[in-house]
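This is coords-v7.cif. It holds mmCIF, C-alpha atoms and all ligand atoms.
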data_final
loop_
_atom_site.label_atom_id
_atom_site.label_comp_id
_atom_site.auth_asym_id
_atom_site.auth_seq_id
_atom_site.Cartn_x
_atom_site.Cartn_y
_atom_site.Cartn_z
CA MET A 57 98.92 89.40 90.74
CA ALA A 58 101.93 91.67 90.92
CA ILE A 59 102.30 95.21 92.20
CA TYR A 60 104.67 97.42 90.20
CA VAL A 61 105.85 100.87 91.19
CA LEU A 62 106.44 103.37 88.37
CA LEU A 63 109.13 105.74 89.55
CA GLY A 64 110.58 108.70 87.69
CA PRO A 65 110.55 112.47 87.40
CA PRO A 66 107.61 114.63 86.29
CA GLY A 67 106.88 114.29 82.58
CA VAL A 68 108.94 111.13 82.09
CA GLY A 69 105.88 109.16 80.95
CA LYS A 70 104.61 107.28 84.03
CA GLY A 71 100.96 107.97 83.20
CA THR A 72 101.47 107.23 79.51
CA LEU A 73 103.14 103.86 80.20
CA ALA A 74 100.52 103.00 82.83
CA GLU A 75 97.68 103.64 80.37
CA MET A 76 99.27 101.38 77.76
CA LEU A 77 99.98 98.52 80.18
CA CYS A 78 96.58 98.73 81.85
CA ALA A 79 94.72 98.73 78.52
CA HIS A 80 96.57 95.57 77.47
CA PHE A 81 96.98 93.62 80.70
CA GLY A 82 94.01 94.83 82.77
CA PHE A 83 96.10 96.08 85.69
CA LEU A 84 94.60 98.60 88.05
CA HIS A 85 96.23 102.05 87.62
CA ILE A 86 96.50 103.98 90.86
CA SER A 87 97.85 107.48 90.29
CA THR A 88 98.01 109.66 93.38
CA GLY A 89 98.25 112.74 91.12
CA ASP A 90 94.99 111.76 89.33
CA ILE A 91 93.27 111.06 92.67
CA LEU A 92 94.31 114.48 94.00
CA ARG A 93 93.32 116.34 90.80
CA GLU A 94 89.88 114.68 90.95
CA GLU A 95 89.48 115.88 94.54
CA VAL A 96 90.47 119.41 93.48
CA ARG A 97 87.88 119.30 90.65
CA ARG A 98 85.18 118.14 93.08
CA GLY A 99 86.11 120.93 95.47
CA SER A 100 86.36 118.48 98.39
CA GLU A 101 88.06 119.30 101.67
CA LEU A 102 91.01 117.07 100.64
CA GLY A 103 91.18 118.83 97.26
CA ARG A 104 91.23 122.27 98.91
CA ARG A 105 94.04 121.19 101.23
CA ALA A 106 96.07 119.61 98.41
CA GLN A 107 95.72 122.35 95.82
CA SER A 108 98.22 124.87 97.18
CA PHE A 109 100.92 122.21 97.45
CA MET A 110 100.26 121.03 93.90
CA ASP A 111 100.14 124.56 92.46
CA SER A 112 103.52 125.39 93.94
CA GLY A 113 105.14 122.18 92.67
CA GLY A 114 105.65 120.85 96.18
CA LEU A 115 104.39 117.60 97.67
CA VAL A 116 101.17 117.02 99.55
CA PRO A 117 101.96 115.98 103.17
CA ASP A 118 102.88 112.32 103.68
CA GLU A 119 100.09 111.68 106.23
CA THR A 120 97.43 112.72 103.70
CA ILE A 121 98.85 110.53 100.93
CA CYS A 122 99.42 107.55 103.22
CA ALA A 123 95.83 107.71 104.48
CA ILE A 124 94.53 107.61 100.89
CA MET A 125 96.82 104.74 99.92
CA ALA A 126 96.20 102.70 103.07
CA SER A 127 92.60 102.18 102.04
CA ARG A 128 93.26 101.81 98.28
CA LEU A 129 95.94 99.15 98.72
CA GLN A 130 93.65 96.98 100.84
CA GLU A 131 91.02 96.77 98.07
CA ASP A 132 90.44 93.25 96.68
CA GLU A 133 90.85 94.54 93.14
CA VAL A 134 94.51 95.40 93.77
CA ARG A 135 95.35 91.78 94.46
CA ARG A 136 92.98 90.37 91.85
CA ARG A 137 94.02 92.50 88.87
CA GLY A 138 97.57 93.46 89.81
CA CYS A 139 98.40 97.11 90.06
CA LEU A 140 100.60 99.90 88.72
CA LEU A 141 101.40 102.50 91.35
CA ASP A 142 102.04 105.81 89.59
CA GLY A 143 103.29 108.57 91.91
CA PHE A 144 103.39 106.55 95.14
CA PRO A 145 105.58 106.13 97.10
CA ARG A 146 107.27 109.47 96.49
CA THR A 147 109.24 110.07 99.69
CA LEU A 148 111.14 107.81 102.09
CA PRO A 149 108.43 108.16 104.79
CA GLN A 150 105.84 107.04 102.20
CA ALA A 151 107.97 104.00 101.27
CA GLU A 152 108.32 103.11 104.95
CA ALA A 153 104.57 103.51 105.46
CA PHE A 154 104.06 101.21 102.45
CA ASP A 155 106.30 98.60 104.12
CA ARG A 156 104.13 98.79 107.25
CA LEU A 157 100.98 98.26 105.15
CA VAL A 158 102.61 95.19 103.59
CA SER A 159 103.39 93.82 107.04
CA GLN A 160 99.66 94.27 107.78
CA GLY A 161 98.61 92.28 104.71
CA ALA A 162 98.82 94.60 101.70
CA PRO A 163 100.58 93.07 98.65
CA ALA A 164 104.33 93.74 98.36
CA VAL A 165 106.14 95.46 95.48
CA GLU A 166 107.37 93.05 92.82
CA ARG A 167 109.51 95.49 90.78
CA VAL A 168 110.18 99.21 90.63
CA VAL A 169 110.30 100.53 87.06
CA LEU A 170 112.54 103.62 87.03
CA LEU A 171 111.86 105.76 83.94
CA GLN A 172 114.75 108.08 83.12
CA ALA A 173 115.18 111.09 80.80
CA GLY A 174 117.13 114.37 80.82
CA ASP A 175 115.69 117.53 82.37
CA GLU A 176 115.40 119.53 79.15
CA LEU A 177 113.36 116.80 77.46
CA LEU A 178 111.19 116.59 80.59
CA MET A 179 110.59 120.34 80.48
CA GLN A 180 109.51 120.08 76.83
CA ARG A 181 107.14 117.21 77.57
CA LEU A 182 105.61 118.95 80.57
CA THR A 183 105.06 122.39 79.06
CA ALA A 184 103.67 120.87 75.81
CA ARG A 185 101.28 118.44 77.55
CA ARG A 186 97.55 118.98 77.05
CA VAL A 187 94.77 117.01 78.74
CA CYS A 188 91.17 116.59 77.63
CA GLY A 189 88.87 118.33 80.12
CA ALA A 190 86.15 115.74 79.44
CA CYS A 191 87.77 112.28 79.07
CA ARG A 192 91.26 113.07 80.53
CA ALA A 193 93.08 111.74 77.42
CA VAL A 194 96.64 113.09 77.28
CA PHE A 195 98.24 114.75 74.24
CA ASN A 196 101.42 116.65 73.59
CA VAL A 197 101.58 119.56 71.17
CA LEU A 198 105.21 118.71 70.33
CA PHE A 199 105.24 114.91 70.29
CA THR A 200 101.68 113.59 69.96
CA PRO A 201 99.52 116.52 68.80
CA PRO A 202 95.76 116.16 68.39
CA ARG A 203 94.44 116.12 64.80
CA GLN A 204 92.70 119.45 65.41
CA ASP A 205 94.28 122.15 67.57
CA GLY A 206 92.83 122.22 71.10
CA VAL A 207 90.32 119.41 70.44
CA CYS A 208 90.44 115.87 71.84
CA ASP A 209 90.70 113.17 69.13
CA LYS A 210 88.80 110.71 71.28
CA CYS A 211 85.72 112.62 72.46
CA GLY A 212 85.85 116.09 70.90
CA GLY A 213 86.33 117.72 74.34
CA ALA A 214 88.42 120.85 74.83
CA LEU A 215 92.10 120.34 75.65
CA GLU A 216 93.53 122.09 78.72
CA GLN A 217 96.94 122.64 80.23
CA ARG A 218 97.51 121.29 83.75
CA GLY A 219 97.95 124.14 86.25
CA ASP A 220 101.36 122.77 87.28
CA ASP A 221 102.69 122.45 83.71
CA THR A 222 103.94 126.04 83.53
CA GLU A 223 107.69 126.55 83.06
CA ALA A 224 108.28 127.78 86.65
CA THR A 225 106.20 125.10 88.39
CA ALA A 226 107.60 122.32 86.22
CA ARG A 227 111.15 123.38 87.20
CA ALA A 228 110.13 123.40 90.86
CA ARG A 229 108.68 119.88 90.50
CA LEU A 230 111.93 118.62 88.98
CA ARG A 231 113.85 120.08 91.93
CA VAL A 232 111.48 118.48 94.43
CA TYR A 233 111.86 115.14 92.63
CA GLY A 234 115.65 115.32 93.02
CA GLN A 235 115.42 116.18 96.70
CA GLN A 236 112.55 114.04 97.95
CA THR A 237 111.85 111.22 95.50
CA GLU A 238 115.24 110.26 94.03
CA PRO A 239 116.41 108.81 97.40
CA LEU A 240 113.86 106.05 96.80
CA VAL A 241 116.04 104.68 94.01
CA ARG A 242 118.70 103.71 96.55
CA PHE A 243 116.05 102.44 98.97
CA TYR A 244 114.69 99.99 96.37
CA ASP A 245 118.11 99.30 94.80
CA GLN A 246 119.21 97.87 98.14
CA ARG A 247 116.43 95.31 97.69
CA GLY A 248 117.42 94.59 94.08
CA LEU A 249 114.02 95.69 92.77
CA VAL A 250 114.88 98.54 90.38
CA LEU A 251 114.56 98.16 86.62
CA ARG A 252 116.09 101.15 84.79
CA VAL A 253 114.51 102.16 81.49
CA ASP A 254 115.56 104.86 79.02
CA ALA A 255 112.29 106.78 78.73
CA SER A 256 113.59 109.32 76.22
CA GLN A 257 112.68 106.82 73.49
CA ASP A 258 109.39 106.50 71.65
CA LYS A 259 106.59 105.40 74.02
CA HIS A 260 106.07 102.08 72.17
CA GLU A 261 109.77 101.29 72.57
CA VAL A 262 109.57 102.11 76.30
CA ARG A 263 106.55 99.84 76.62
CA SER A 264 108.18 96.92 74.84
CA GLN A 265 111.38 97.17 76.91
CA VAL A 266 109.37 97.18 80.12
CA CYS A 267 107.22 94.25 79.00
CA ALA A 268 110.29 92.20 78.02
CA ALA A 269 112.09 92.89 81.29
CA LEU A 270 109.01 92.10 83.40
CA HIS A 271 108.15 89.03 81.29
CA LEU A 272 104.73 90.43 80.48
CA ALA A 273 103.37 88.89 77.31
P1 LIG B 1 101.61 113.63 89.42
O1 LIG B 1 100.35 113.79 88.68
O2 LIG B 1 102.04 112.30 89.88
O3 LIG B 1 102.75 114.34 88.56
P2 LIG B 1 104.28 114.00 88.24
O4 LIG B 1 104.94 112.91 89.01
O5 LIG B 1 104.89 115.32 88.30
O6 LIG B 1 104.21 113.36 86.85
P3 LIG B 1 103.41 113.82 85.60
O7 LIG B 1 102.00 113.33 85.69
O8 LIG B 1 103.61 115.29 85.37
O9 LIG B 1 104.22 113.10 84.44
P4 LIG B 1 104.15 111.59 83.92
O10 LIG B 1 105.43 110.93 84.25
O11 LIG B 1 102.88 110.91 84.32
O12 LIG B 1 104.17 111.89 82.36
P5 LIG B 1 103.02 111.70 81.24
O13 LIG B 1 102.84 110.25 80.95
O14 LIG B 1 101.81 112.50 81.53
O15 LIG B 1 101.60 114.59 90.71
C1 LIG B 1 101.13 115.91 90.63
C2 LIG B 1 101.24 116.58 91.99
O16 LIG B 1 100.40 115.88 92.93
C3 LIG B 1 102.64 116.54 92.63
O17 LIG B 1 103.44 117.61 92.19
C4 LIG B 1 102.29 116.63 94.12
O18 LIG B 1 101.96 117.94 94.49
C5 LIG B 1 101.03 115.80 94.22
N1 LIG B 1 101.32 114.38 94.51
C6 LIG B 1 101.06 113.31 93.71
N2 LIG B 1 101.46 112.17 94.30
C7 LIG B 1 101.98 112.52 95.50
C8 LIG B 1 102.58 111.80 96.56
N3 LIG B 1 102.70 110.46 96.52
N4 LIG B 1 103.02 112.49 97.63
C9 LIG B 1 102.90 113.84 97.72
N5 LIG B 1 102.34 114.58 96.74
C10 LIG B 1 101.89 113.94 95.64
O19 LIG B 1 103.79 112.35 79.99
C11 LIG B 1 104.10 113.73 79.96
C12 LIG B 1 103.91 114.26 78.55
O20 LIG B 1 104.89 113.65 77.69
C13 LIG B 1 102.55 113.94 77.91
O21 LIG B 1 102.17 115.00 77.07
C14 LIG B 1 102.81 112.68 77.08
O22 LIG B 1 101.97 112.58 75.97
C15 LIG B 1 104.26 112.88 76.66
N6 LIG B 1 105.03 111.63 76.58
C16 LIG B 1 105.04 110.61 77.48
N7 LIG B 1 105.90 109.64 77.09
C17 LIG B 1 106.44 110.06 75.92
C18 LIG B 1 107.41 109.49 75.02
N8 LIG B 1 107.99 108.31 75.25
N9 LIG B 1 107.75 110.20 73.92
C19 LIG B 1 107.18 111.43 73.66
N10 LIG B 1 106.27 112.01 74.49
C20 LIG B 1 105.90 111.34 75.59
MG MG B 2 101.23 111.47 85.49
#

Now, as a test, write the supplied structure out as structure tokens.
Ligand code: AP5
Ligand code: MG
Amino acid sequence: MAIYVLLGPPGVGKGTLAEMLCAHFGFLHISTGDILREEVRRGSELGRRAQSFMDSGGLVPDETICAIMASRLQEDEVRRRGCLLDGFPRTLPQAEAFDRLVSQGAPAVERVVLLQAGDELLMQRLTARRVCGACRAVFNVLFTPPRQDGVCDKCGGALEQRGDDTEATARARLRVYGQQTEPLVRFYDQRGLVLRVDASQDKHEVRSQVCAALHLA
């Protein structure tokens, strides 16, 4: 089964698209952001080390991320179910480390889905995002509000704002994306792997364009 990389700036809809595709096609969703946030919640050593980077809008060091992904990518499930990588690789050193893992037997990237939208829309999506503290369902007070203010439609849990979804941290994350992650577009373009998608559209439209281009039915 195929490995797809979801690439794109903060708030563009990587997690939202991944949820939709995984629910329908049974892919494994590996989000480095979700893994790190879970470690922060558990108060683990990794979580404590990662938190200050995440709170400032910067990136967690490459060695830490590559160690996590080296073991995840070797899991049987990745090959068996196919996988959406959401948030990895995020720097050139991470992409090069990924190549080394592939040369040691990990599955290679089939396509890179580049989700694109303008910065002001991204800022709106980020600062209006709310996440259920219990089931992690994602809402947006501007675009997909819950039926009842502050309450999760799915489980009744309380909705929270991510610590890095403040105006200042979101702007910092967009800057870091431009500096450290955008160079990956050229890296994967040189291999002819990049599929560009206008992610400013409705999420169902984004999903159907991606499915058509990847021949997922
Ligand atoms: P991570 O969690 O990966 O954050 P991110 O890349 O900044 O992306 P987001 O999760 O904020 O946005 P998204 O694209 O998933 O958008 P979503 O679908 O939620 O990383 C967090 C931090 O962890 C990093 O800053 C870094 O510190 C660290 N980290 C993670 N990976 C790392 C790595 N590899 N190396 C180093 N450090 C790493 O959508 C956003 C909102 O918009 C939601 O409210 C949603 O409902 C709404 N929405 C989505 N799509 C649409 C649409 N089409 N129309 C209307 N609304 C929409
Ligand atoms: Mg996300």

Proximity of chain A to ligand MG 2 (chain B): per-residue shortest pair, 9 Å limit, only C-alpha atoms and all ligand atoms, as CSV:
residue,atom,partner,partner_atom,distance
A:Pro66,CA,B:MG2,MG,7.2
A:Gly67,CA,B:MG2,MG,7.0
A:Val68,CA,B:MG2,MG,8.4
A:Gly69,CA,B:MG2,MG,6.9
A:Lys70,CA,B:MG2,MG,5.6
A:Gly71,CA,B:MG2,MG,4.2
A:Thr72,CA,B:MG2,MG,7.3
A:Ala74,CA,B:MG2,MG,8.9
A:Ser87,CA,B:MG2,MG,7.1
A:Thr88,CA,B:MG2,MG,8.7
A:Gly89,CA,B:MG2,MG,6.5
A:Asp90,CA,B:MG2,MG,7.3
A:Asp142,CA,B:MG2,MG,7.0
A:Gly143,CA,B:MG2,MG,7.3

Dump C-alpha atoms for the selected residues as a PDB file, keeping the file's coordinate frame?
ATOM      1  CA  PRO A  66     107.610 114.630  86.290  1.00  0.00           C
ATOM      2  CA  GLY A  67     106.880 114.290  82.580  1.00  0.00           C
ATOM      3  CA  VAL A  68     108.940 111.130  82.090  1.00  0.00           C
ATOM      4  CA  GLY A  69     105.880 109.160  80.950  1.00  0.00           C
ATOM      5  CA  LYS A  70     104.610 107.280  84.030  1.00  0.00           C
ATOM      6  CA  GLY A  71     100.960 107.970  83.200  1.00  0.00           C
ATOM      7  CA  THR A  72     101.470 107.230  79.510  1.00  0.00           C
ATOM      8  CA  ALA A  74     100.520 103.000  82.830  1.00  0.00           C
ATOM      9  CA  SER A  87      97.850 107.480  90.290  1.00  0.00           C
ATOM     10  CA  THR A  88      98.010 109.660  93.380  1.00  0.00           C
ATOM     11  CA  GLY A  89      98.250 112.740  91.120  1.00  0.00           C
ATOM     12  CA  ASP A  90      94.990 111.760  89.330  1.00  0.00           C
ATOM     13  CA  ASP A 142     102.040 105.810  89.590  1.00  0.00           C
ATOM     14  CA  GLY A 143     103.290 108.570  91.910  1.00  0.00           C
TER      15      GLY A 143
END

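Atom to atom, atom CA of Ala214 of chain A and atom CA of Ala190 of chain A stand 7.2 Å apart.
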
8 Å per side around ligand LIG 1 (chain B): axis-aligned box centre and edge lengths, as JSON:
{"center_x": 104.2, "center_y": 113.1, "center_z": 85.7, "size_x": 23.6, "size_y": 25.6, "size_z": 40.1}

request  = Fewer than 3 positions away in the same chain doesn't count, so skip those; otherwise give me all residues within 12 Å of segment 91-100 of chain A, counting only C-alpha atoms, as a ChimeraX atom specification.
outcome  = /A:85-88,103-111,115-116,120-121,124-125,128,141-144,189-190,192,218-220

ask   = Any idea what the distance is between atom O4 of ligand LIG 1 (chain B) and atom CA of Asp118 of chain A?
value = 14.8 Å

key: Contact residues around Asp132 of chain A with only C-alpha atoms at 12 Å, ignoring same-chain residues under 3 positions, as a PyMOL selection string   = chain A and resi 57+84+127-129+135-139+161-163

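Here atom C9 of ligand LIG 1 (chain B) is placed at a distance of 25.8 Å from atom CA of Ala79 of chain A.
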
Counting only C-alpha atoms, which residues of segment 120-187 of chain A fall within 8 Å of segment 232-237 of chain A, and what is the closest atom pair for each with its distance in Å at one decimal, ordered by chain and rising number, as JSON lines?
{"residue": "A:Arg146", "atom": "CA", "partner": "A:Thr237", "partner_atom": "CA", "distance": 5.0}
{"residue": "A:Thr147", "atom": "CA", "partner": "A:Thr237", "partner_atom": "CA", "distance": 5.1}
{"residue": "A:Leu148", "atom": "CA", "partner": "A:Thr237", "partner_atom": "CA", "distance": 7.5}

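The residue that comes closest to Phe81 of chain A, out of A:Arg247, A:Ala58, A:Gly113, A:Asp155 and on the basis of all atoms listed in the file, is A:Ala58.
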
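Proximity ranking of A:Glu152, A:Ala173, A:Phe195, A:Tyr244 relative to Val61 of chain A places A:Tyr244 first, based on all atoms listed in the file.
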
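The nearest approach to ligand LIG 1 (chain B) among the residues A:Gly213, A:Gly82, A:Pro201, A:Pro145, with only C-alpha atoms and all ligand atoms taken into account, belongs to A:Pro145.
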
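Using all atoms listed in the file, the protein and nucleic acid residues lying no more than 9 Å from Leu73 of chain A, apart from those fewer than 2 places from it along its own chain, are Leu62, Gly69, Lys70, Gly71, Glu75, Met76, Leu77, Cys78, Lys259, His260, Val262 and Arg263 of chain A.
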
Atoms kept (C-alpha atoms) for selection, written as a compact mmCIF listing (two decimals), in the coordinates of the input:
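Here's the written file result.txt:
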# COMPACT_ATOMS: atom_id res chain seq x y z
CA LEU A 62 106.44 103.37 88.37
CA GLY A 69 105.88 109.16 80.95
CA LYS A 70 104.61 107.28 84.03
CA GLY A 71 100.96 107.97 83.20
CA GLU A 75 97.68 103.64 80.37
CA MET A 76 99.27 101.38 77.76
CA LEU A 77 99.98 98.52 80.18
CA CYS A 78 96.58 98.73 81.85
CA LYS A 259 106.59 105.40 74.02
CA HIS A 260 106.07 102.08 72.17
CA VAL A 262 109.57 102.11 76.30
CA ARG A 263 106.55 99.84 76.62

query = Which is closer to ligand LIG 1 (chain B) than all the others in A:Asn196, A:Gln204, A:Ser159, A:Gln217, using only C-alpha atoms and all ligand atoms?
reply = A:Asn196
